[in-house]
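First comes the structure, then the notes that go with it.
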Amino acid sequence: MEQAVMDRLKVGLELMVNSVTPESATIEVGWCVLPGVLEHLREREAVSPHVLLVITDEQGNERRQLEPLERGLAYVSFRAPGRNTIQAKIVWDPDGLGRLKDSFLSRERGKYQTTVLSASSGELVGNAWTLGYSKIQVTVDRKCFAAKPPAWLARWINFWFETEPVDECAFRRRAILAFTLQPLTLALYYPLKLAIMLFIGLWYTVMLGRGGINYRALWPLAGAELSELVTREAGLERSFWFHLWRWQFSPPFLTIVTLLMLFVKSVSEDPKTHKHIEILFRTFGQYLQYLAVIIVAAYALTVLVSVLVGLIGSIPVVQQRLKERRREAARKQALAEVQQIETAMGYLVCTGDVPRPVSFRNLPPQQRTFDLRFKELKARVCRPFAV
């Protein structure tokens with residue numbers, strides 16, 4: 001009997017879709033839990049249990065979604081035609097929802113910071129705070145995805161963005177920006193950028209005597225950065241001045257020397273200049289006196305602030321204690337909710353009857369949230385783009 005219960009908990013979760021060959025690239029994915037799962041979650045004091053959905057395509061691209069277990073429904077958008085696999089587990093974290101999201105959804109440079117798929121089998125693996133497993137495969141036709149815009153339009157729409165829009169809604173939002181504020185912004189931004197890049201280019205070629213300027217970077221739609229103005233080939237080996245002079249005969253050094261010589265010449269020929277220099281040094285001496293006063297005052301102020309900080313140094317400790325109390329109160333409330341999990345989520349238990357269509361309308365009224373209503377509408381009007 002105990003082995004049967006353990007086997008049931010190992011499976012624990014059952015994913016449901018209306019069709020494995022859908023007519024849309026965004027589908028409704030529902031789930032139910034086997035008998036005994038809710039009781040096990042209560043005994044484990046599983047705070048805020050969620051369903052982790054991991055979607056992979058034939059190329060191995062991975063996306064994740066974290067949905068509340070009690071919701072019973074999620075909208076999944078595919079990004080590639082062909083066979084897509086959805087794997088799921090019930091997950092939670094003793095430290096709360098924030099830690100749970102960090103564990104599974106945090107990214108660095110576009111990649112997830114944690115690994116949840118087995119390197120050998122590709123299956124979703126778990127840890128001490130996971131339960132159940134379910135897997136389903138869906139084949140998506142290419143016609144289910146939105147047609148990509150022309151290259152020239154996509155370049156204009158995505159001018160300020162590093163990534164392409166994921167669906168038609170994101171494309172429309174960018175289009176509004178591209179055809180309203182973007183022309184005015186470019187009219188102000190590009191001339192300033194062009195002037196700066198031209199100045200740097202002229203300085204690099206005339207004063208430093210180096211070639212290899214990438215003039216294509218000056219084109220507005222090239223999207224080039226300042227660092228791309230000079231090509232890699234513009235090294236010392238191609239320097240015009242390098243073959244004639246060392247550093248002491250370079251144009252910048254000669255310019256500085258010439259200015260110094262002109263200054264010395266003007267001082268020696270004009271007697272009035274001596275008086276001006278005397279006034280200059282006197283003013284500089286007064287400036288040093290004022291600077292010393294400012295430094296002493298700043299030091300005294302720093303000491304005073306340090307004393308005040310020492311007197312009120314207990315404030316962070318008090319704040320930390322209050323934060324811990326609020327966290328403990330939230331945990332107690334969550335644990336109280338866990339004790340009622342079998343009553344609150346009883347509708348999620350798999351009954352074995354003929355399953356109803358997975359639909360927003362078939363959810364209990366308390367689970368028809370505004371967020372799900374919005375996602376239902378978006379699934380109808382916003383087709384995703386295929387990668």
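Each chain in the structure tokens gets a letter, A, B and so on, in the order shown; residues start at 1 in every chain, and ligands are counted from 1 in the order they appear.
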Would you return as a PyMOL selection string the members of segment 50-231 of chain A that DSSP assigns to helix (DSSP H, G or I) on this structure's backbone? chain A and resi 69-71+97-105+142-144+151-157+168-178+181-207+215-218+220-222+226-228
Any idea what's packed within 7 Å of Leu52 of chain A, counting only C-alpha atoms, ignoring anything in its chain fewer than 2 positions away? Could you give it as a list in words?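 Returned residues: His50, Val54, Gln65, Leu66, Glu67, Ala88, Lys89, Ile90 and Val91 of chain A.
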When distances are computed from only C-alpha atoms, which of A:His40, A:Arg63, A:Arg83, A:Arg71 shows the smallest separation from Gln366 of chain A?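 Using only C-alpha atoms, Gln366 of chain A sits closest to A:Arg71.
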Tell me which protein, DNA and RNA residues are within 7 Å of Cys382 of chain A, counting only C-alpha atoms, leaving out same-chain ones fewer than 6 positions away, and put them as a list of chain:residue names. A:Asp167, A:Glu168, A:Cys169
Those in segment 46-125 of chain A with strand (DSSP E or B) from DSSP, as a ChimeraX atom specification: /A:50-56,62-68,73-77,82-91,107-108,111-112,117,124
Dump as a CSV table (one decimal), in the first residue's frame, selection limited to N, CA, C and O atoms:
chain,number,residue,atom,x,y,z
A,50,HIS,N,3.8,25.9,-6.7
A,50,HIS,CA,3.6,26.3,-8.1
A,50,HIS,C,3.9,25.2,-9.0
A,50,HIS,O,4.5,24.1,-8.6
A,51,VAL,N,3.5,25.3,-10.2
A,51,VAL,CA,3.8,24.3,-11.3
A,51,VAL,C,4.9,24.9,-12.2
A,51,VAL,O,4.7,26.0,-12.7
A,52,LEU,N,6.0,24.3,-12.2
A,52,LEU,CA,7.1,24.7,-13.1
A,52,LEU,C,6.9,24.0,-14.5
A,52,LEU,O,6.9,22.8,-14.6
A,53,LEU,N,6.7,24.8,-15.5
A,53,LEU,CA,6.5,24.3,-16.9
A,53,LEU,C,7.8,24.6,-17.6
A,53,LEU,O,8.3,25.8,-17.7
A,54,VAL,N,8.4,23.6,-18.2
A,54,VAL,CA,9.6,23.8,-19.0
A,54,VAL,C,9.3,23.4,-20.5
A,54,VAL,O,8.9,22.2,-20.7
A,55,ILE,N,9.4,24.3,-21.4
A,55,ILE,CA,9.0,24.1,-22.8
A,55,ILE,C,10.3,24.0,-23.6
A,55,ILE,O,11.1,24.9,-23.6
A,56,THR,N,10.5,22.9,-24.4
A,56,THR,CA,11.7,22.8,-25.2
A,56,THR,C,11.2,22.4,-26.6
A,56,THR,O,10.2,21.7,-26.8
A,62,GLU,N,15.1,26.3,-24.6
A,62,GLU,CA,14.4,26.1,-23.4
A,62,GLU,C,13.7,27.4,-22.9
A,62,GLU,O,14.3,28.5,-22.9
A,63,ARG,N,12.5,27.3,-22.5
A,63,ARG,CA,11.8,28.4,-21.8
A,63,ARG,C,11.0,27.8,-20.6
A,63,ARG,O,10.6,26.7,-20.6
A,64,ARG,N,10.8,28.7,-19.6
A,64,ARG,CA,10.2,28.3,-18.4
A,64,ARG,C,9.1,29.2,-18.0
A,64,ARG,O,9.1,30.4,-18.2
A,65,GLN,N,8.1,28.6,-17.3
A,65,GLN,CA,7.0,29.4,-16.7
A,65,GLN,C,6.7,28.8,-15.4
A,65,GLN,O,6.8,27.6,-15.1
A,66,LEU,N,6.4,29.7,-14.5
A,66,LEU,CA,6.1,29.3,-13.1
A,66,LEU,C,4.7,29.8,-12.8
A,66,LEU,O,4.4,31.0,-12.8
A,67,GLU,N,3.7,28.8,-12.6
A,67,GLU,CA,2.3,29.2,-12.5
A,67,GLU,C,1.8,28.6,-11.1
A,67,GLU,O,2.2,27.6,-10.7
A,68,PRO,N,0.9,29.4,-10.4
A,68,PRO,CA,0.4,28.9,-9.2
A,68,PRO,C,-0.4,27.6,-9.4
A,68,PRO,O,-1.1,27.4,-10.3
A,73,LEU,N,-4.5,26.3,-14.6
A,73,LEU,CA,-4.5,26.6,-16.1
A,73,LEU,C,-3.4,27.6,-16.3
A,73,LEU,O,-3.1,28.4,-15.5
A,74,ALA,N,-2.7,27.4,-17.5
A,74,ALA,CA,-1.7,28.3,-18.0
A,74,ALA,C,-1.8,28.4,-19.5
A,74,ALA,O,-2.2,27.5,-20.2
A,75,TYR,N,-1.3,29.6,-20.0
A,75,TYR,CA,-1.2,29.8,-21.4
A,75,TYR,C,0.2,29.7,-21.8
A,75,TYR,O,1.1,30.4,-21.3
A,76,VAL,N,0.5,28.8,-22.7
A,76,VAL,CA,1.9,28.5,-23.2
A,76,VAL,C,2.0,28.9,-24.7
A,76,VAL,O,1.2,28.4,-25.5
A,77,SER,N,3.0,29.7,-25.0
A,77,SER,CA,3.2,30.1,-26.3
A,77,SER,C,4.5,29.4,-26.8
A,77,SER,O,5.5,29.5,-26.1
A,82,GLY,N,7.1,22.5,-35.3
A,82,GLY,CA,7.5,21.2,-35.1
A,82,GLY,C,7.1,20.6,-33.7
A,82,GLY,O,6.2,21.2,-33.1
A,83,ARG,N,7.8,19.6,-33.3
A,83,ARG,CA,7.5,19.0,-32.0
A,83,ARG,C,8.0,19.8,-30.8
A,83,ARG,O,9.2,20.1,-30.8
A,84,ASN,N,7.1,20.2,-29.9
A,84,ASN,CA,7.5,20.9,-28.7
A,84,ASN,C,7.1,20.0,-27.5
A,84,ASN,O,6.0,19.5,-27.5
A,85,THR,N,8.0,20.0,-26.5
A,85,THR,CA,7.8,19.2,-25.3
A,85,THR,C,7.5,20.1,-24.1
A,85,THR,O,8.3,21.1,-23.9
A,86,ILE,N,6.5,19.8,-23.4
A,86,ILE,CA,6.1,20.5,-22.1
A,86,ILE,C,6.3,19.5,-21.0
A,86,ILE,O,5.7,18.4,-21.0
A,87,GLN,N,7.2,19.8,-20.1
A,87,GLN,CA,7.4,19.0,-18.8
A,87,GLN,C,7.0,19.9,-17.6
A,87,GLN,O,7.2,21.1,-17.6
A,88,ALA,N,6.6,19.2,-16.6
A,88,ALA,CA,6.1,20.0,-15.4
A,88,ALA,C,6.4,19.2,-14.1
A,88,ALA,O,6.4,18.0,-14.1
A,89,LYS,N,6.6,20.0,-13.1
A,89,LYS,CA,6.7,19.5,-11.7
A,89,LYS,C,6.1,20.5,-10.8
A,89,LYS,O,6.0,21.7,-11.1
A,90,ILE,N,5.6,20.0,-9.6
A,90,ILE,CA,5.1,20.9,-8.5
A,90,ILE,C,6.4,21.3,-7.7
A,90,ILE,O,7.1,20.4,-7.3
A,91,VAL,N,6.5,22.6,-7.5
A,91,VAL,CA,7.7,23.1,-6.8
A,91,VAL,C,7.3,24.1,-5.8
A,91,VAL,O,6.2,24.7,-5.9
A,107,ARG,N,18.0,34.8,-14.8
A,107,ARG,CA,18.8,34.7,-16.0
A,107,ARG,C,20.0,35.5,-15.9
A,107,ARG,O,20.1,36.5,-15.2
A,108,GLU,N,21.0,35.1,-16.7
A,108,GLU,CA,22.3,35.9,-16.8
A,108,GLU,C,22.7,35.8,-18.3
A,108,GLU,O,23.0,34.6,-18.7
A,111,LYS,N,20.6,33.4,-20.4
A,111,LYS,CA,20.6,32.0,-20.1
A,111,LYS,C,20.1,31.8,-18.6
A,111,LYS,O,20.5,32.6,-17.8
A,112,TYR,N,19.4,30.7,-18.4
A,112,TYR,CA,19.0,30.5,-17.0
A,112,TYR,C,20.2,30.1,-16.1
A,112,TYR,O,21.1,29.4,-16.6
A,117,LEU,N,17.1,20.4,-16.5
A,117,LEU,CA,17.0,19.3,-17.4
A,117,LEU,C,18.2,18.4,-17.3
A,117,LEU,O,19.3,18.8,-17.3
A,124,LEU,N,13.0,16.6,-17.0
A,124,LEU,CA,13.0,17.5,-15.9
A,124,LEU,C,13.3,16.8,-14.6
A,124,LEU,O,12.7,15.8,-14.2
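Atom pair atom CA of Asp93 of chain A / atom CA of Leu41 of chain A has a distance of 11.8 Å (rounded to one decimal).
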Can you work out which one of A:Phe78, A:Trp160, A:Phe171, A:Phe104 has the shortest atom-to-atom distance to Asp141 of chain A, counting only C-alpha atoms? A:Phe78
